[in-house]
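Trainee: Data file entry-v5.pdb (PDB, C-alpha atoms, pLDDT in the B column) is appended below.
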MODEL        1
ATOM      1  CA  MET W   1     -45.540  22.184   0.142  1.00 46.00           C
ATOM      2  CA  THR W   2     -45.731  24.580  -2.761  1.00 43.00           C
ATOM      3  CA  VAL W   3     -44.064  23.931  -6.108  1.00 41.00           C
ATOM      4  CA  LYS W   4     -41.662  26.802  -5.437  1.00 44.00           C
ATOM      5  CA  ALA W   5     -40.708  25.365  -2.013  1.00 41.00           C
ATOM      6  CA  ARG W   6     -40.113  21.905  -3.544  1.00 38.00           C
ATOM      7  CA  GLN W   7     -37.890  23.410  -6.251  1.00 42.00           C
ATOM      8  CA  SER W   8     -35.913  25.307  -3.603  1.00 42.00           C
ATOM      9  CA  THR W   9     -35.471  22.129  -1.545  1.00 37.00           C
ATOM     10  CA  LYS W  10     -34.310  20.205  -4.649  1.00 37.00           C
ATOM     11  CA  LYS W  11     -31.808  22.956  -5.507  1.00 39.00           C
ATOM     12  CA  LYS W  12     -30.395  22.908  -1.967  1.00 37.00           C
ATOM     13  CA  ALA W  13     -30.092  19.103  -2.032  1.00 35.00           C
ATOM     14  CA  ALA W  14     -28.374  19.237  -5.427  1.00 35.00           C
ATOM     15  CA  LYS W  15     -25.960  21.880  -4.146  1.00 34.00           C
ATOM     16  CA  ARG W  16     -25.129  19.733  -1.071  1.00 33.00           C
ATOM     17  CA  SER W  17     -24.598  16.720  -3.323  1.00 32.00           C
ATOM     18  CA  THR W  18     -22.315  18.714  -5.604  1.00 31.00           C
ATOM     19  CA  LEU W  19     -20.303  19.937  -2.614  1.00 36.00           C
ATOM     20  CA  ALA W  20     -19.962  16.409  -1.287  1.00 39.00           C
ATOM     21  CA  ASN W  21     -18.838  15.062  -4.649  1.00 43.00           C
ATOM     22  CA  ALA W  22     -16.588  17.958  -5.668  1.00 52.00           C
ATOM     23  CA  ALA W  23     -12.880  17.345  -5.481  1.00 63.00           C
ATOM     24  CA  SER W  24     -11.711  18.922  -2.261  1.00 88.00           C
ATOM     25  CA  VAL W  25      -8.056  18.205  -3.051  1.00 92.00           C
ATOM     26  CA  GLN W  26      -6.736  20.225  -5.941  1.00 93.00           C
ATOM     27  CA  LEU W  27      -3.618  18.414  -7.070  1.00 95.00           C
ATOM     28  CA  ASP W  28      -0.938  20.313  -8.978  1.00 95.00           C
ATOM     29  CA  VAL W  29       1.388  17.774 -10.619  1.00 96.00           C
ATOM     30  CA  GLN W  30       4.853  18.887 -11.730  1.00 96.00           C
ATOM     31  CA  ALA W  31       7.042  16.380 -13.539  1.00 96.00           C
ATOM     32  CA  ALA W  32      10.809  16.916 -13.438  1.00 97.00           C
ATOM     33  CA  VAL W  33      11.273  13.585 -15.239  1.00 96.00           C
ATOM     34  CA  PRO W  34       9.296  11.799 -17.985  1.00 94.00           C
ATOM     35  CA  ARG W  35       5.944  10.491 -16.711  1.00 93.00           C
ATOM     36  CA  THR W  36       6.779   6.887 -17.577  1.00 93.00           C
ATOM     37  CA  ASN W  37       5.627   4.536 -14.788  1.00 94.00           C
ATOM     38  CA  VAL W  38       3.508   7.321 -13.278  1.00 96.00           C
ATOM     39  CA  PRO W  39      -0.284   6.990 -12.927  1.00 97.00           C
ATOM     40  CA  SER W  40      -2.592   9.570 -14.480  1.00 96.00           C
ATOM     41  CA  GLY W  41      -3.224  12.823 -12.664  1.00 95.00           C
ATOM     42  CA  LYS W  42      -6.834  11.723 -12.174  1.00 95.00           C
ATOM     43  CA  ARG W  43      -5.784   8.588 -10.261  1.00 96.00           C
ATOM     44  CA  LEU W  44      -3.186  10.477  -8.211  1.00 97.00           C
ATOM     45  CA  GLN W  45      -5.852  13.044  -7.283  1.00 96.00           C
ATOM     46  CA  ARG W  46      -8.341  10.295  -6.379  1.00 95.00           C
ATOM     47  CA  TRP W  47      -5.856   8.720  -3.947  1.00 97.00           C
ATOM     48  CA  ALA W  48      -4.998  12.074  -2.364  1.00 96.00           C
ATOM     49  CA  GLN W  49      -8.723  12.830  -2.090  1.00 94.00           C
ATOM     50  CA  ALA W  50      -9.409   9.506  -0.338  1.00 94.00           C
ATOM     51  CA  ALA W  51      -6.822  10.256   2.349  1.00 94.00           C
ATOM     52  CA  TYR W  52      -8.152  13.768   2.874  1.00 92.00           C
ATOM     53  CA  GLU W  53     -11.768  12.605   3.121  1.00 88.00           C
ATOM     54  CA  VAL W  54     -10.955   9.919   5.714  1.00 84.00           C
ATOM     55  CA  HIS W  55      -9.037  12.460   7.788  1.00 79.00           C
ATOM     56  CA  HIS W  56     -11.941  14.918   7.495  1.00 76.00           C
ATOM     57  CA  ALA W  57     -14.503  12.291   8.511  1.00 74.00           C
ATOM     58  CA  ALA W  58     -12.423  11.258  11.520  1.00 70.00           C
ATOM     59  CA  HIS W  59     -12.150  14.845  12.716  1.00 64.00           C
ATOM     60  CA  THR W  60     -15.782  15.864  12.281  1.00 60.00           C
ATOM     61  CA  HIS W  61     -16.975  12.987  14.500  1.00 58.00           C
ATOM     62  CA  GLY W  62     -19.776  11.972  12.165  1.00 59.00           C
ATOM     63  CA  ARG W  63     -21.206  15.493  11.774  1.00 58.00           C
ATOM     64  CA  ARG W  64     -21.955  16.381   8.180  1.00 60.00           C
ATOM     65  CA  ARG W  65     -19.843  19.299   7.065  1.00 58.00           C
ATOM     66  CA  ALA W  66     -18.637  20.430   3.693  1.00 60.00           C
ATOM     67  CA  VAL W  67     -15.049  19.422   3.114  1.00 65.00           C
ATOM     68  CA  GLN W  68     -12.875  22.524   2.755  1.00 78.00           C
ATOM     69  CA  PRO W  69     -10.946  22.431  -0.508  1.00 87.00           C
ATOM     70  CA  VAL W  70      -7.160  22.339  -0.191  1.00 90.00           C
ATOM     71  CA  GLN W  71      -4.305  22.391  -2.645  1.00 93.00           C
ATOM     72  CA  VAL W  72      -1.478  19.844  -2.764  1.00 96.00           C
ATOM     73  CA  SER W  73       1.531  20.103  -5.048  1.00 96.00           C
ATOM     74  CA  LEU W  74       3.144  16.881  -6.227  1.00 98.00           C
ATOM     75  CA  ARG W  75       6.587  16.958  -7.788  1.00 98.00           C
ATOM     76  CA  ILE W  76       7.614  13.803  -9.637  1.00 98.00           C
ATOM     77  CA  VAL W  77      11.399  13.475  -9.611  1.00 98.00           C
ATOM     78  CA  GLY W  78      14.347  11.244 -10.390  1.00 98.00           C
ATOM     79  CA  SER W  79      16.891   9.812  -7.970  1.00 98.00           C
ATOM     80  CA  ALA W  80      19.298  12.772  -8.022  1.00 98.00           C
ATOM     81  CA  GLU W  81      16.685  15.340  -6.969  1.00 98.00           C
ATOM     82  CA  SER W  82      15.174  13.011  -4.373  1.00 98.00           C
ATOM     83  CA  ARG W  83      18.609  12.350  -2.894  1.00 98.00           C
ATOM     84  CA  LYS W  84      19.430  16.069  -2.800  1.00 98.00           C
ATOM     85  CA  LEU W  85      16.156  16.968  -1.055  1.00 97.00           C
ATOM     86  CA  ASN W  86      16.439  14.048   1.363  1.00 97.00           C
ATOM     87  CA  ARG W  87      19.972  15.132   2.262  1.00 97.00           C
ATOM     88  CA  GLU W  88      18.961  18.793   2.722  1.00 97.00           C
ATOM     89  CA  TRP W  89      15.801  18.204   4.740  1.00 95.00           C
ATOM     90  CA  ARG W  90      16.330  14.890   6.525  1.00 95.00           C
ATOM     91  CA  ASP W  91      20.140  14.529   6.639  1.00 96.00           C
ATOM     92  CA  GLU W  92      19.852  11.200   4.802  1.00 96.00           C
ATOM     93  CA  ASP W  93      22.117  10.767   1.782  1.00 97.00           C
ATOM     94  CA  HIS W  94      19.978   8.576  -0.475  1.00 98.00           C
ATOM     95  CA  ALA W  95      16.953   8.854  -2.723  1.00 97.00           C
ATOM     96  CA  THR W  96      13.687   8.046  -0.980  1.00 97.00           C
ATOM     97  CA  ASN W  97      10.207   7.151  -2.178  1.00 97.00           C
ATOM     98  CA  VAL W  98       8.214  10.126  -0.834  1.00 97.00           C
ATOM     99  CA  LEU W  99       8.999  13.364   0.959  1.00 97.00           C
ATOM    100  CA  SER W 100       6.292  15.505   2.544  1.00 96.00           C
ATOM    101  CA  PHE W 101       6.525  19.215   3.221  1.00 96.00           C
ATOM    102  CA  PRO W 102       3.474  20.422   5.194  1.00 94.00           C
ATOM    103  CA  ALA W 103       2.548  24.070   4.616  1.00 91.00           C
ATOM    104  CA  GLY W 104       1.724  24.628   8.286  1.00 76.00           C
ATOM    105  CA  GLU W 105      -0.568  27.375   9.492  1.00 68.00           C
ATOM    106  CA  MET W 106      -1.168  29.968   6.835  1.00 60.00           C
ATOM    107  CA  PRO W 107      -3.405  33.031   6.894  1.00 59.00           C
ATOM    108  CA  GLU W 108      -6.642  32.583   4.990  1.00 64.00           C
ATOM    109  CA  MET W 109      -6.794  34.617   1.821  1.00 64.00           C
ATOM    110  CA  GLU W 110     -10.193  35.588   0.466  1.00 66.00           C
ATOM    111  CA  GLY W 111     -10.993  33.401  -2.535  1.00 70.00           C
ATOM    112  CA  GLU W 112      -7.761  31.377  -2.255  1.00 80.00           C
ATOM    113  CA  VAL W 113      -7.672  27.626  -1.729  1.00 84.00           C
ATOM    114  CA  PRO W 114      -5.381  26.904   1.252  1.00 85.00           C
ATOM    115  CA  THR W 115      -2.241  24.915   0.562  1.00 89.00           C
ATOM    116  CA  LEU W 116      -1.911  21.678   2.510  1.00 91.00           C
ATOM    117  CA  GLY W 117       1.691  21.194   1.409  1.00 95.00           C
ATOM    118  CA  ASP W 118       4.021  19.631  -1.115  1.00 96.00           C
ATOM    119  CA  LEU W 119       4.867  16.018  -1.907  1.00 98.00           C
ATOM    120  CA  VAL W 120       7.915  14.806  -3.795  1.00 98.00           C
ATOM    121  CA  ILE W 121       7.809  11.260  -5.178  1.00 98.00           C
ATOM    122  CA  CYS W 122      10.818   9.578  -6.783  1.00 98.00           C
ATOM    123  CA  VAL W 123       9.849   7.439  -9.794  1.00 98.00           C
ATOM    124  CA  PRO W 124      12.903   5.110  -9.845  1.00 98.00           C
ATOM    125  CA  VAL W 125      12.554   4.347  -6.122  1.00 98.00           C
ATOM    126  CA  VAL W 126       8.807   3.674  -6.459  1.00 98.00           C
ATOM    127  CA  LYS W 127       9.398   1.357  -9.408  1.00 97.00           C
ATOM    128  CA  ARG W 128      12.238  -0.529  -7.643  1.00 97.00           C
ATOM    129  CA  GLU W 129      10.279  -0.909  -4.385  1.00 97.00           C
ATOM    130  CA  ALA W 130       7.152  -2.134  -6.180  1.00 97.00           C
ATOM    131  CA  GLN W 131       9.202  -4.804  -7.960  1.00 97.00           C
ATOM    132  CA  GLN W 132      11.055  -5.824  -4.762  1.00 96.00           C
ATOM    133  CA  GLN W 133       7.803  -6.031  -2.797  1.00 95.00           C
ATOM    134  CA  GLY W 134       5.851  -7.827  -5.533  1.00 95.00           C
ATOM    135  CA  LYS W 135       3.273  -5.030  -5.821  1.00 95.00           C
ATOM    136  CA  SER W 136       1.750  -3.386  -8.843  1.00 96.00           C
ATOM    137  CA  LEU W 137       2.987   0.110  -9.585  1.00 96.00           C
ATOM    138  CA  ASP W 138      -0.537   1.453  -9.041  1.00 97.00           C
ATOM    139  CA  ALA W 139      -0.759  -0.162  -5.592  1.00 97.00           C
ATOM    140  CA  HIS W 140       2.557   1.348  -4.541  1.00 97.00           C
ATOM    141  CA  TRP W 141       1.771   4.785  -5.988  1.00 98.00           C
ATOM    142  CA  ALA W 142      -1.613   4.767  -4.227  1.00 98.00           C
ATOM    143  CA  HIS W 143       0.055   3.841  -0.932  1.00 97.00           C
ATOM    144  CA  LEU W 144       2.690   6.568  -1.250  1.00 98.00           C
ATOM    145  CA  MET W 145       0.147   9.256  -2.214  1.00 98.00           C
ATOM    146  CA  ILE W 146      -2.003   8.342   0.772  1.00 97.00           C
ATOM    147  CA  HIS W 147       1.043   8.106   3.065  1.00 96.00           C
ATOM    148  CA  GLY W 148       2.282  11.507   1.889  1.00 96.00           C
ATOM    149  CA  VAL W 149      -1.087  13.257   2.263  1.00 96.00           C
ATOM    150  CA  LEU W 150      -1.477  11.826   5.770  1.00 95.00           C
ATOM    151  CA  HIS W 151       1.935  13.316   6.625  1.00 94.00           C
ATOM    152  CA  LEU W 152       0.725  16.682   5.295  1.00 94.00           C
ATOM    153  CA  LEU W 153      -2.275  16.341   7.615  1.00 91.00           C
ATOM    154  CA  GLY W 154      -0.025  15.811  10.640  1.00 90.00           C
ATOM    155  CA  TYR W 155       0.184  12.022  10.868  1.00 91.00           C
ATOM    156  CA  ASP W 156       3.586  10.589  11.697  1.00 89.00           C
ATOM    157  CA  HIS W 157       5.293   7.263  12.404  1.00 90.00           C
ATOM    158  CA  GLU W 158       8.215   8.241  14.633  1.00 88.00           C
ATOM    159  CA  VAL W 159       6.526   6.831  17.753  1.00 90.00           C
ATOM    160  CA  GLU W 160       5.059   3.300  17.706  1.00 91.00           C
ATOM    161  CA  ARG W 161       1.547   4.375  18.735  1.00 92.00           C
ATOM    162  CA  ASP W 162       1.478   7.034  16.003  1.00 89.00           C
ATOM    163  CA  ALA W 163       2.858   4.556  13.458  1.00 88.00           C
ATOM    164  CA  GLN W 164       0.068   2.093  14.271  1.00 92.00           C
ATOM    165  CA  LEU W 165      -2.582   4.783  13.819  1.00 91.00           C
ATOM    166  CA  MET W 166      -1.103   5.974  10.534  1.00 92.00           C
ATOM    167  CA  GLU W 167      -0.734   2.436   9.171  1.00 94.00           C
ATOM    168  CA  ALA W 168      -4.314   1.582  10.168  1.00 93.00           C
ATOM    169  CA  CYS W 169      -5.544   4.658   8.280  1.00 92.00           C
ATOM    170  CA  GLU W 170      -3.474   3.752   5.234  1.00 94.00           C
ATOM    171  CA  VAL W 171      -4.701   0.160   5.217  1.00 95.00           C
ATOM    172  CA  ALA W 172      -8.356   1.221   5.561  1.00 93.00           C
ATOM    173  CA  ILE W 173      -8.082   3.816   2.784  1.00 95.00           C
ATOM    174  CA  LEU W 174      -6.256   1.428   0.455  1.00 96.00           C
ATOM    175  CA  ASP W 175      -8.840  -1.286   1.164  1.00 95.00           C
ATOM    176  CA  SER W 176     -11.662   1.130   0.272  1.00 93.00           C
ATOM    177  CA  LEU W 177      -9.893   1.690  -3.063  1.00 96.00           C
ATOM    178  CA  GLY W 178      -9.470  -2.040  -3.730  1.00 96.00           C
ATOM    179  CA  PHE W 179      -5.777  -2.335  -2.806  1.00 97.00           C
ATOM    180  CA  ALA W 180      -4.240  -4.928  -0.482  1.00 95.00           C
ATOM    181  CA  ASN W 181      -2.575  -4.171   2.869  1.00 95.00           C
ATOM    182  CA  PRO W 182       0.912  -2.909   1.934  1.00 94.00           C
ATOM    183  CA  TYR W 183       2.355  -4.040   5.262  1.00 92.00           C
ATOM    184  CA  GLU W 184       1.628  -7.750   4.764  1.00 87.00           C
TER     185      GLU W 184
ENDMDL
END
Show me this structure written as structure tokens.
Mentor:
Amino acid sequence: MTVKARQSTKKKAAKRSTLANAASVQLDVQAAVPRTNVPSGKRLQRWAQAAYEVHHAAHTHGRRRAVQPVQVSLRIVGSAESRKLNREWRDEDHATNVLSFPAGEMPEMEGEVPTLGDLVICVPVVKREAQQQGKSLDAHWAHLMIHGVLHLLGYDHEVERDAQLMEACEVAILDSLGFANPYE
């Protein structure tokens, strides 16, 4: 192999490595309330990324493919906004921990990163639930980010079989990040 061929091979391998390690979830965080009791954007992105990568791996059946970048918007809210959105979209009149709004099928735009959807997480509910369940705030935030991203990817828990699949994914992803099973 010539020196030029070796350099070309190294460049291609480096490019593949960069693609594999690049963040494929671009997280846009909007805070409607102070960011007290909210993890850093870097950690939130890491948890969203973990869910997306597991979904991608499961749907490529072991074939190596570059992960298509997607955009997720996260809105951090208080109880009043969470309650309002929950009432409008789910007919439930209370604040909830996480709401997911999948973008659905959208036309591809040249040079645009496709939007996976929007998440809304309610800080007071997350804090209260973490305390009630004896979890760290980070563990609960990680679980809700993963849970929300899986919803954006089409996972659901309305039917028992689907709930078991979604929970198994959540538990595996959380375990890979060093967090305990949130359902135990």
Trainee: Quick one, how far is CA of Arg128 (chain W) from CA of Ala103 (chain W)?
Mentor: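 Taking CA of Arg128 (chain W) as the start and CA of Ala103 (chain W) as the end point, the length is 29.1 Å.
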Trainee: If we draw a sphere of 9 Å around (-5.9, 13.7, -4.9), which residues have at least one atom in it when counting all atoms listed in the file? Please report them as a PyMOL selection string.
Mentor: chain W and resi 23-27+41-52+72+145-146+149
Trainee: Go ahead and write the selection's residues with C-alpha atoms as a short mmCIF file (atom, residue, chain, number, x, y, z; two decimals), in the frame of the given file.
Mentor:
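To be explicit, this is the file written out as selection.cif:
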data_model
loop_
_atom_site.label_atom_id
_atom_site.label_comp_id
_atom_site.auth_asym_id
_atom_site.auth_seq_id
_atom_site.Cartn_x
_atom_site.Cartn_y
_atom_site.Cartn_z
CA ALA W 23 -12.88 17.34 -5.48
CA SER W 24 -11.71 18.92 -2.26
CA VAL W 25 -8.06 18.20 -3.05
CA GLN W 26 -6.74 20.23 -5.94
CA LEU W 27 -3.62 18.41 -7.07
CA GLY W 41 -3.22 12.82 -12.66
CA LYS W 42 -6.83 11.72 -12.17
CA ARG W 43 -5.78 8.59 -10.26
CA LEU W 44 -3.19 10.48 -8.21
CA GLN W 45 -5.85 13.04 -7.28
CA ARG W 46 -8.34 10.30 -6.38
CA TRP W 47 -5.86 8.72 -3.95
CA ALA W 48 -5.00 12.07 -2.36
CA GLN W 49 -8.72 12.83 -2.09
CA ALA W 50 -9.41 9.51 -0.34
CA ALA W 51 -6.82 10.26 2.35
CA TYR W 52 -8.15 13.77 2.87
CA VAL W 72 -1.48 19.84 -2.76
CA MET W 145 0.15 9.26 -2.21
CA ILE W 146 -2.00 8.34 0.77
CA VAL W 149 -1.09 13.26 2.26
#
Trainee: Which residue is closest to Gln30 (chain W)? Choose from W:Gln68, W:Thr115, W:Ser73, W:Thr96 and count all atoms listed in the file.
Mentor: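 Closest to Gln30 (chain W), using all atoms listed in the file: W:Ser73.
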Trainee: Specify as a PyMOL selection string each residue included when the PyMOL selection byres ((chain W and resi 82) around 12) is applied to this file.
Mentor: chain W and resi 32-33+75-81+83-90+92-100+119-126
Trainee: Using all atoms listed in the file, can you tell me which of W:Ala142, W:Val171, W:Leu150, W:Val159 comes closest to Ser40 (chain W)?
Mentor: W:Ala142
Trainee: So which residues touch Phe101 (chain W) within 9 Å, counting all atoms listed in the file, skipping near sequence neighbours fewer than 3 positions away, as a PyMOL selection string?
Mentor: chain W and resi 104+116-120+148+151-152
Trainee: From the list W:Val54, W:Lys127, W:Gln132, W:Leu137, which residue is nearest Leu153 (chain W) when using only C-alpha atoms?
Mentor: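 Of the candidates, the smallest distance to Leu153 (chain W) is held by W:Val54.
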Trainee: Calculate how many Å separate CA of Ala31 (chain W) from CA of Asp91 (chain W), rounding to one decimal.
Mentor: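 A separation of 24.1 Å between them.
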Trainee: Could you state the separation of CA of Ala172 (chain W) and CA of Lys135 (chain W) in Å, given to one decimal place?
Mentor: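 We find that CA of Ala172 (chain W) and CA of Lys135 (chain W) lie 17.4 Å from each other.
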Trainee: Adding 6 Å on each side of the box along x, y and z that holds all listed atoms of region 33-38 of chain W, could you give its centre and edge lengths in Å to one decimal, as JSON?
Mentor:
{"center_x": 7.4, "center_y": 9.1, "center_z": -15.6, "size_x": 19.8, "size_y": 21.0, "size_z": 16.7}
Trainee: The residues within 10 Å of (-4.3, 6.7, 10.7), using all atoms listed in the file and the coordinates of the file, should be reported as a count of residues only; which are they?
Mentor: 22
